[in-house]
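What's in entry20.csv: CSV, C-alpha atoms
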```
chain,number,residue,atom,x,y,z
A,1228,MET,CA,0.0,0.0,0.0
A,1229,ALA,CA,1.4,3.4,-1.0
A,1230,ARG,CA,2.2,5.9,1.7
A,1231,PRO,CA,0.0,9.0,1.6
A,1232,ARG,CA,1.7,12.3,0.8
A,1233,GLU,CA,2.6,14.3,3.9
A,1234,PHE,CA,2.4,17.7,2.3
A,1235,ASN,CA,-0.2,19.9,0.7
A,1236,GLU,CA,0.5,19.9,-3.1
A,1237,VAL,CA,-1.6,23.0,-3.7
A,1238,ASP,CA,0.3,25.0,-1.0
A,1239,ALA,CA,3.6,23.7,-2.4
A,1240,VAL,CA,2.6,25.0,-5.9
A,1241,ARG,CA,1.8,28.4,-4.4
A,1242,VAL,CA,5.2,28.6,-2.7
A,1243,VAL,CA,7.1,27.5,-5.9
A,1244,SER,CA,5.1,30.0,-7.9
A,1245,ARG,CA,6.6,32.8,-5.8
A,1246,THR,CA,10.1,31.3,-6.4
A,1247,PHE,CA,9.7,31.3,-10.2
A,1248,TRP,CA,8.1,34.7,-10.0
A,1249,ARG,CA,11.2,36.1,-8.1
A,1250,LYS,CA,14.0,34.2,-9.8
A,1251,GLY,CA,12.8,33.3,-13.2
A,1252,TYR,CA,12.2,29.9,-14.8
A,1253,GLN,CA,15.8,29.0,-15.9
A,1254,ALA,CA,17.4,30.5,-12.7
A,1255,THR,CA,15.1,28.4,-10.4
A,1256,SER,CA,16.8,25.1,-9.7
A,1257,ILE,CA,15.4,22.0,-8.1
A,1258,ARG,CA,17.5,22.9,-5.1
A,1259,ASP,CA,15.7,26.3,-4.9
A,1260,ILE,CA,12.4,24.4,-5.1
A,1261,GLU,CA,13.6,22.1,-2.3
A,1262,GLU,CA,14.5,25.0,-0.1
A,1263,ALA,CA,11.3,26.9,-0.8
A,1264,THR,CA,9.0,23.9,0.0
A,1265,GLY,CA,11.1,21.8,2.4
A,1266,LEU,CA,10.5,18.8,0.1
A,1267,THR,CA,13.2,16.5,-1.3
A,1268,ALA,CA,13.9,16.4,-5.0
A,1269,GLY,CA,12.4,12.9,-5.1
A,1270,SER,CA,9.1,14.1,-3.5
A,1271,ILE,CA,9.0,17.0,-6.0
A,1272,TYR,CA,9.5,14.7,-9.0
A,1273,LYS,CA,7.1,12.1,-7.7
A,1274,ALA,CA,4.4,14.7,-7.1
A,1275,TYR,CA,4.9,16.9,-10.1
A,1276,GLY,CA,6.9,15.0,-12.7
A,1277,SER,CA,9.4,17.7,-13.7
A,1278,LYS,CA,10.3,21.3,-13.2
A,1279,ARG,CA,8.5,22.1,-16.4
A,1280,GLU,CA,5.3,20.4,-15.3
A,1281,LEU,CA,5.5,22.1,-11.9
A,1282,PHE,CA,5.9,25.5,-13.6
A,1283,LEU,CA,2.8,24.8,-15.7
A,1284,LEU,CA,0.9,24.2,-12.5
A,1285,CYS,CA,2.4,27.3,-11.0
A,1286,LEU,CA,1.4,29.4,-14.0
A,1287,GLU,CA,-2.2,28.0,-13.9
A,1288,GLN,CA,-2.5,28.7,-10.1
A,1289,TYR,CA,-1.0,32.2,-10.6
A,1290,MET,CA,-3.5,33.2,-13.3
A,1291,ARG,CA,-6.4,31.8,-11.2
A,1292,GLU,CA,-5.4,33.3,-7.8
A,1293,ASP,CA,-2.6,35.8,-7.8
A,1294,SER,CA,-2.5,37.5,-11.2
A,1295,TYR,CA,-3.6,41.1,-11.8
A,1296,LEU,CA,-6.4,39.5,-13.9
A,1297,ALA,CA,-7.6,37.5,-10.8
A,1298,LEU,CA,-7.4,40.7,-8.8
A,1299,LEU,CA,-9.5,42.6,-11.4
A,1300,LEU,CA,-12.1,39.8,-11.4
A,1301,THR,CA,-12.5,39.8,-7.7
A,1302,MET,CA,-13.4,43.5,-7.9
A,1303,HIS,CA,-16.2,43.2,-10.5
A,1304,ASP,CA,-18.6,44.9,-8.0
A,1305,LYS,CA,-16.4,47.9,-7.3
A,1306,PRO,CA,-16.5,51.1,-9.3
A,1307,LEU,CA,-14.2,51.0,-12.3
A,1308,ASP,CA,-11.7,53.7,-11.1
A,1309,GLU,CA,-11.5,52.0,-7.6
A,1310,ALA,CA,-10.7,48.6,-9.1
A,1311,LEU,CA,-8.0,50.0,-11.4
A,1312,ARG,CA,-6.5,52.1,-8.6
A,1313,ARG,CA,-6.2,49.0,-6.5
A,1314,ILE,CA,-4.4,47.2,-9.3
A,1315,PHE,CA,-2.0,50.1,-9.8
A,1316,ASP,CA,-1.5,50.4,-6.0
A,1317,ALA,CA,-0.7,46.7,-5.7
A,1318,ILE,CA,1.9,47.0,-8.4
A,1319,ILE,CA,3.4,50.1,-6.7
A,1320,ASP,CA,3.3,48.3,-3.3
A,1321,SER,CA,5.2,45.3,-4.7
A,1322,THR,CA,8.3,47.5,-5.0
A,1323,ARG,CA,8.7,47.7,-1.2
A,1324,GLU,CA,11.5,45.7,0.3
A,1325,ASN,CA,9.1,43.8,2.6
A,1326,SER,CA,6.2,43.4,0.2
A,1327,GLU,CA,4.4,40.2,0.5
A,1328,ARG,CA,3.7,40.2,-3.2
A,1329,PRO,CA,6.8,39.8,-5.5
A,1330,ALA,CA,7.5,42.7,-7.9
A,1331,GLY,CA,6.1,42.4,-11.4
A,1332,CYS,CA,3.9,39.6,-12.7
A,1333,LEU,CA,4.8,36.0,-13.1
A,1334,ALA,CA,3.7,36.0,-16.7
A,1335,THR,CA,5.2,39.4,-17.6
A,1336,ASN,CA,8.5,38.7,-15.8
A,1337,LEU,CA,9.0,35.4,-17.7
A,1338,VAL,CA,7.3,35.6,-21.1
A,1339,ALA,CA,10.4,36.9,-23.0
A,1340,GLU,CA,12.6,34.3,-21.3
A,1341,LEU,CA,10.3,31.5,-21.9
A,1342,LEU,CA,9.6,32.3,-25.6
A,1343,LYS,CA,13.3,31.8,-26.3
A,1344,VAL,CA,13.8,28.6,-24.3
A,1345,ASP,CA,10.4,26.9,-24.4
A,1346,PRO,CA,8.0,28.4,-26.9
A,1347,GLU,CA,5.1,26.4,-25.5
A,1348,LEU,CA,5.6,27.7,-22.0
A,1349,GLY,CA,6.1,31.2,-23.4
A,1350,GLU,CA,2.8,31.0,-25.3
A,1351,GLY,CA,1.1,30.0,-22.0
A,1352,ALA,CA,2.4,33.1,-20.3
A,1353,SER,CA,1.5,35.2,-23.3
A,1354,ALA,CA,-2.1,33.8,-23.3
A,1355,GLY,CA,-2.4,34.9,-19.7
A,1356,LEU,CA,-1.5,38.4,-20.7
A,1357,ALA,CA,-4.0,38.4,-23.6
A,1358,GLU,CA,-6.7,37.3,-21.1
A,1359,MET,CA,-5.9,40.3,-18.9
A,1360,GLN,CA,-6.3,42.7,-21.9
A,1361,LYS,CA,-9.6,41.0,-22.8
A,1362,ALA,CA,-10.8,41.2,-19.2
A,1363,LEU,CA,-9.9,45.0,-19.1
A,1364,ARG,CA,-12.0,45.5,-22.3
A,1365,LEU,CA,-14.9,43.6,-20.8
A,1366,ARG,CA,-14.6,45.6,-17.6
A,1367,PHE,CA,-14.8,48.8,-19.6
A,1368,GLN,CA,-17.8,47.6,-21.5
A,1369,SER,CA,-19.5,46.7,-18.2
A,1370,ALA,CA,-18.7,50.2,-16.8
A,1371,GLN,CA,-20.4,51.7,-19.9
A,1372,GLU,CA,-23.5,49.6,-19.3
A,1373,CYS,CA,-23.8,50.8,-15.7
A,1374,GLY,CA,-22.9,54.4,-16.4
A,1375,ASP,CA,-19.4,54.5,-14.9
A,1376,LEU,CA,-17.9,55.2,-18.4
A,1377,GLU,CA,-19.2,57.2,-21.3
A,1378,MET,CA,-20.9,55.2,-24.0
A,1379,ASP,CA,-18.9,56.7,-26.8
A,1380,CYS,CA,-15.6,55.5,-25.2
A,1381,ASP,CA,-13.6,53.1,-27.4
A,1382,THR,CA,-13.3,50.1,-25.0
A,1383,LEU,CA,-10.9,48.3,-27.3
A,1384,ALA,CA,-8.5,51.2,-27.3
A,1385,LEU,CA,-8.9,51.9,-23.6
A,1386,GLY,CA,-8.2,48.2,-22.8
A,1387,ALA,CA,-5.0,48.3,-24.9
A,1388,TYR,CA,-4.0,51.6,-23.3
A,1389,PHE,CA,-4.5,50.4,-19.7
A,1390,MET,CA,-2.7,47.1,-20.5
A,1391,MET,CA,0.3,49.1,-21.7
A,1392,VAL,CA,0.3,51.2,-18.6
A,1393,ILE,CA,0.0,48.1,-16.4
A,1394,GLN,CA,2.8,46.3,-18.3
A,1395,GLY,CA,5.0,49.4,-18.1
A,1396,MET,CA,4.5,49.7,-14.4
A,1397,LEU,CA,5.2,46.0,-13.9
A,1398,VAL,CA,8.5,46.3,-15.7
A,1399,VAL,CA,9.4,49.4,-13.6
A,1400,SER,CA,8.4,47.6,-10.4
A,1401,THR,CA,11.1,45.0,-11.1
A,1402,SER,CA,13.8,47.3,-12.5
A,1403,THR,CA,14.2,51.0,-11.4
A,1404,LYS,CA,11.4,50.8,-8.8
A,1405,ASP,CA,10.6,54.5,-9.6
A,1406,VAL,CA,7.6,54.8,-7.3
A,1407,ALA,CA,7.1,58.5,-8.1
A,1408,ALA,CA,6.9,57.8,-11.9
A,1409,MET,CA,4.5,54.9,-11.3
A,1410,LYS,CA,2.2,57.1,-9.2
A,1411,LEU,CA,2.2,59.7,-11.9
A,1412,ALA,CA,1.4,57.1,-14.5
A,1413,ARG,CA,-1.4,55.7,-12.3
A,1414,ASP,CA,-2.9,59.2,-11.8
A,1415,ILE,CA,-2.8,60.1,-15.5
A,1416,ALA,CA,-4.3,56.8,-16.6
A,1417,LEU,CA,-7.1,57.1,-14.1
A,1418,SER,CA,-7.8,60.7,-15.3
A,1419,THR,CA,-8.5,59.3,-18.8
A,1420,LEU,CA,-11.7,57.7,-17.4
A,1421,HIS,CA,-13.3,61.0,-16.7
```
As structure tokens:
Amino acid sequence: MARPREFNEVDAVRVVSRTFWRKGYQATSIRDIEEATGLTAGSIYKAYGSKRELFLLCLEQYMREDSYLALLLTMHDKPLDEALRRIFDAIIDSTRENSERPAGCLATNLVAELLKVDPELGEGASAGLAEMQKALRLRFQSAQECGDLEMDCDTLALGAYFMMVIQGMLVVSTSTKDVAAMKLARDIALSTLH
């Protein structure tokens, strides 16, 4: 009779997701995963198959629970400008040294790296970013229907614009960490809604 696993696989995926998010796919070794989870390499391979398969689970979990898309979807009942401000503020907050949330976005941080080394993984990350832009557009359309946004507003263009602002802020959050510039970009983007 097989011994039951003595760890929570879902929690382990969450922990490993943060490791990939902070270090990158290629730079994350099995040793890093062992240190992050407290599991042995054998347990990791037995539970998840390979680093690649584990990363796919991490990306899926990230998009469902931790991504800016997931954050946007949890705020469907909030006014549009409040929901967008919370997303911008979460990105800005991630630049702090002791932030619980890693800087950037798992998909944004890794898409360029992955497209070069594993196009299938890279396309998975790219698909997550495309879903975010689609969700933004749908959120703008919903805001039009409830009167939070003018009806003559081009939701396709607005979705693309906000996606570019978010992506730019995500890159800055992992590089220069220029909080003043990020706050300025946030305020200008939000002003376009009125």
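Using only C-alpha atoms, the smallest distance between any of A:Gly1265, A:Gly1251, A:Gly1374, A:Gly1349 and Phe1234 in chain A comes from A:Gly1265.
The shortest atom-to-atom distance to Thr1401 in chain A, with only C-alpha atoms taken into account, belongs to A:Ala1330 out of A:Leu1376, A:Leu1363, A:Ala1339, A:Ala1330.
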Next item on the list: Tell me which protein, DNA and RNA residues are within 10 Å of Phe1282 in chain A, counting only C-alpha atoms, leaving out same-chain ones fewer than 3 positions away, and put them as a PyMOL selection string.
Entry: chain A and resi 1240+1243-1244+1247+1252+1275+1277-1279+1285-1288+1348
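When all atoms listed in the file are used to compute distances to Ala1297 in chain A, the closest of the residues A:Met1409, A:Leu1341, A:Ala1274, A:Leu1356 turns out to be A:Leu1356.
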Margin query: Can you measure CA of Ala1254 in chain A to CA of Val1344 in chain A for me? One decimal in Å is fine.
Written below: 12.3 Å
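Residue nearest Asn1336 in chain A, chosen from A:Ala1352, A:Ala1362, A:Ala1384, A:Met1390 and counting only C-alpha atoms: A:Ala1352.
Take the candidates A:Leu1365, A:Ala1334, A:Leu1281, A:Ala1416 and check each one against Leu1311 in chain A using all atoms listed in the file; the shortest distance goes to A:Ala1416.
With all atoms listed in the file as the atoms that count, the residue of A:Glu1347, A:Ser1400, A:Ile1260, A:Ala1370 with the shortest distance to Leu1307 in chain A is A:Ala1370.
The two atoms in question, CA of Thr1335 in chain A and CA of Ser1369 in chain A, are spaced 25.8 Å apart.
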Notebook entry, point to check: Leaving out Cys1380 in chain A and any residue of its chain fewer than 5 positions from it, which residues lie within 12 Å of it when counting all atoms listed in the file, given as a PyMOL selection string?
Noted result: chain A and resi 1364+1367-1372+1374-1375+1385-1386+1419-1421
Notebook entry, point to check: At most 10 Å from (-6.7, 41.7, -14.8), file frame, all atoms listed in the file: which residues, as number ranges by chain?
Noted result: A: 1290, 1294-1302, 1310-1311, 1314, 1355-1364, 1366, 1390, 1393
Let me see the file: selected residues, C-alpha atoms, as a PDB file, in the coordinates of the input.
```pdb
ATOM      1  CA  MET A1290      -3.500  33.200 -13.300  1.00  0.00           C
ATOM      2  CA  SER A1294      -2.500  37.500 -11.200  1.00  0.00           C
ATOM      3  CA  TYR A1295      -3.600  41.100 -11.800  1.00  0.00           C
ATOM      4  CA  LEU A1296      -6.400  39.500 -13.900  1.00  0.00           C
ATOM      5  CA  ALA A1297      -7.600  37.500 -10.800  1.00  0.00           C
ATOM      6  CA  LEU A1298      -7.400  40.700  -8.800  1.00  0.00           C
ATOM      7  CA  LEU A1299      -9.500  42.600 -11.400  1.00  0.00           C
ATOM      8  CA  LEU A1300     -12.100  39.800 -11.400  1.00  0.00           C
ATOM      9  CA  THR A1301     -12.500  39.800  -7.700  1.00  0.00           C
ATOM     10  CA  MET A1302     -13.400  43.500  -7.900  1.00  0.00           C
ATOM     11  CA  ALA A1310     -10.700  48.600  -9.100  1.00  0.00           C
ATOM     12  CA  LEU A1311      -8.000  50.000 -11.400  1.00  0.00           C
ATOM     13  CA  ILE A1314      -4.400  47.200  -9.300  1.00  0.00           C
ATOM     14  CA  GLY A1355      -2.400  34.900 -19.700  1.00  0.00           C
ATOM     15  CA  LEU A1356      -1.500  38.400 -20.700  1.00  0.00           C
ATOM     16  CA  ALA A1357      -4.000  38.400 -23.600  1.00  0.00           C
ATOM     17  CA  GLU A1358      -6.700  37.300 -21.100  1.00  0.00           C
ATOM     18  CA  MET A1359      -5.900  40.300 -18.900  1.00  0.00           C
ATOM     19  CA  GLN A1360      -6.300  42.700 -21.900  1.00  0.00           C
ATOM     20  CA  LYS A1361      -9.600  41.000 -22.800  1.00  0.00           C
ATOM     21  CA  ALA A1362     -10.800  41.200 -19.200  1.00  0.00           C
ATOM     22  CA  LEU A1363      -9.900  45.000 -19.100  1.00  0.00           C
ATOM     23  CA  ARG A1364     -12.000  45.500 -22.300  1.00  0.00           C
ATOM     24  CA  ARG A1366     -14.600  45.600 -17.600  1.00  0.00           C
ATOM     25  CA  MET A1390      -2.700  47.100 -20.500  1.00  0.00           C
ATOM     26  CA  ILE A1393       0.000  48.100 -16.400  1.00  0.00           C
TER      27      ILE A1393
END
```
Next item on the list: Would you list the contacts of Ile1257 in chain A as an MDAnalysis selection string, taking every protein, DNA or RNA residue within 10 Å and counting all atoms listed in the file, but skipping same-chain residues closer than 5 positions in sequence?
Entry: chainID A and resid 1262:1263 1267:1268 1271:1272 1277:1278
For range 1235-1261 of chain A, supply N, CA, C and O atoms and format the output as a short mmCIF file (atom, residue, chain, number, x, y, z; two decimals), keeping the file's coordinate frame.
```cif
data_model
loop_
_atom_site.label_atom_id
_atom_site.label_comp_id
_atom_site.auth_asym_id
_atom_site.auth_seq_id
_atom_site.Cartn_x
_atom_site.Cartn_y
_atom_site.Cartn_z
N ASN A 1235 0.88 19.33 1.44
CA ASN A 1235 -0.20 19.90 0.70
C ASN A 1235 0.32 20.29 -0.70
O ASN A 1235 1.07 21.28 -0.77
N GLU A 1236 -0.04 19.58 -1.74
CA GLU A 1236 0.50 19.90 -3.10
C GLU A 1236 0.09 21.25 -3.58
O GLU A 1236 0.86 21.92 -4.25
N VAL A 1237 -1.13 21.70 -3.26
CA VAL A 1237 -1.60 23.00 -3.70
C VAL A 1237 -0.77 24.12 -3.04
O VAL A 1237 -0.33 25.06 -3.70
N ASP A 1238 -0.52 23.99 -1.73
CA ASP A 1238 0.30 25.00 -1.00
C ASP A 1238 1.72 24.99 -1.57
O ASP A 1238 2.33 26.05 -1.69
N ALA A 1239 2.24 23.81 -1.87
CA ALA A 1239 3.60 23.70 -2.40
C ALA A 1239 3.67 24.46 -3.76
O ALA A 1239 4.64 25.18 -4.03
N VAL A 1240 2.65 24.31 -4.60
CA VAL A 1240 2.60 25.00 -5.90
C VAL A 1240 2.62 26.53 -5.67
O VAL A 1240 3.31 27.26 -6.36
N ARG A 1241 1.86 26.99 -4.69
CA ARG A 1241 1.80 28.40 -4.40
C ARG A 1241 3.22 28.94 -4.00
O ARG A 1241 3.66 30.00 -4.44
N VAL A 1242 3.91 28.18 -3.17
CA VAL A 1242 5.20 28.60 -2.70
C VAL A 1242 6.22 28.58 -3.89
O VAL A 1242 7.01 29.52 -4.07
N VAL A 1243 6.18 27.55 -4.71
CA VAL A 1243 7.10 27.50 -5.90
C VAL A 1243 6.78 28.54 -6.87
O VAL A 1243 7.69 29.10 -7.49
N SER A 1244 5.51 28.88 -7.02
CA SER A 1244 5.10 30.00 -7.90
C SER A 1244 5.86 31.25 -7.57
O SER A 1244 6.38 31.95 -8.44
N ARG A 1245 5.93 31.56 -6.28
CA ARG A 1245 6.60 32.80 -5.80
C ARG A 1245 8.13 32.67 -6.13
O ARG A 1245 8.77 33.66 -6.44
N THR A 1246 8.67 31.47 -6.05
CA THR A 1246 10.10 31.30 -6.40
C THR A 1246 10.36 31.56 -7.84
O THR A 1246 11.28 32.29 -8.19
N PHE A 1247 9.54 30.97 -8.72
CA PHE A 1247 9.70 31.30 -10.20
C PHE A 1247 9.47 32.75 -10.43
O PHE A 1247 10.18 33.35 -11.24
N TRP A 1248 8.49 33.34 -9.77
CA TRP A 1248 8.10 34.70 -10.00
C TRP A 1248 9.34 35.64 -9.61
O TRP A 1248 9.67 36.57 -10.32
N ARG A 1249 10.02 35.32 -8.52
CA ARG A 1249 11.20 36.10 -8.10
C ARG A 1249 12.43 35.87 -8.87
O ARG A 1249 13.18 36.78 -9.19
N LYS A 1250 12.70 34.60 -9.18
CA LYS A 1250 14.00 34.20 -9.80
C LYS A 1250 13.99 34.03 -11.26
O LYS A 1250 15.03 34.15 -11.90
N GLY A 1251 12.83 33.68 -11.83
CA GLY A 1251 12.80 33.30 -13.20
C GLY A 1251 12.74 31.81 -13.39
O GLY A 1251 13.03 31.07 -12.44
N TYR A 1252 12.38 31.36 -14.57
CA TYR A 1252 12.20 29.90 -14.80
C TYR A 1252 13.59 29.22 -14.85
O TYR A 1252 13.83 28.26 -14.11
N GLN A 1253 14.49 29.71 -15.70
CA GLN A 1253 15.80 29.00 -15.90
C GLN A 1253 16.64 29.14 -14.61
O GLN A 1253 17.37 28.21 -14.27
N ALA A 1254 16.57 30.27 -13.91
CA ALA A 1254 17.40 30.50 -12.70
C ALA A 1254 16.91 29.69 -11.51
O ALA A 1254 17.65 29.52 -10.54
N THR A 1255 15.69 29.21 -11.55
CA THR A 1255 15.10 28.40 -10.40
C THR A 1255 15.57 26.97 -10.61
O THR A 1255 15.20 26.31 -11.59
N SER A 1256 16.35 26.50 -9.66
CA SER A 1256 16.80 25.10 -9.70
C SER A 1256 15.92 24.23 -8.84
O SER A 1256 15.13 24.72 -8.03
N ILE A 1257 16.09 22.93 -9.00
CA ILE A 1257 15.40 22.00 -8.10
C ILE A 1257 15.80 22.23 -6.68
O ILE A 1257 14.98 22.15 -5.77
N ARG A 1258 17.05 22.58 -6.47
CA ARG A 1258 17.50 22.90 -5.10
C ARG A 1258 16.74 24.09 -4.54
O ARG A 1258 16.36 24.09 -3.37
N ASP A 1259 16.50 25.12 -5.37
CA ASP A 1259 15.70 26.30 -4.90
C ASP A 1259 14.29 25.83 -4.54
O ASP A 1259 13.72 26.31 -3.55
N ILE A 1260 13.74 24.93 -5.33
CA ILE A 1260 12.40 24.40 -5.10
C ILE A 1260 12.37 23.61 -3.77
O ILE A 1260 11.45 23.72 -2.96
N GLU A 1261 13.44 22.82 -3.56
CA GLU A 1261 13.60 22.10 -2.30
C GLU A 1261 13.59 23.02 -1.11
O GLU A 1261 12.89 22.81 -0.12
#
```
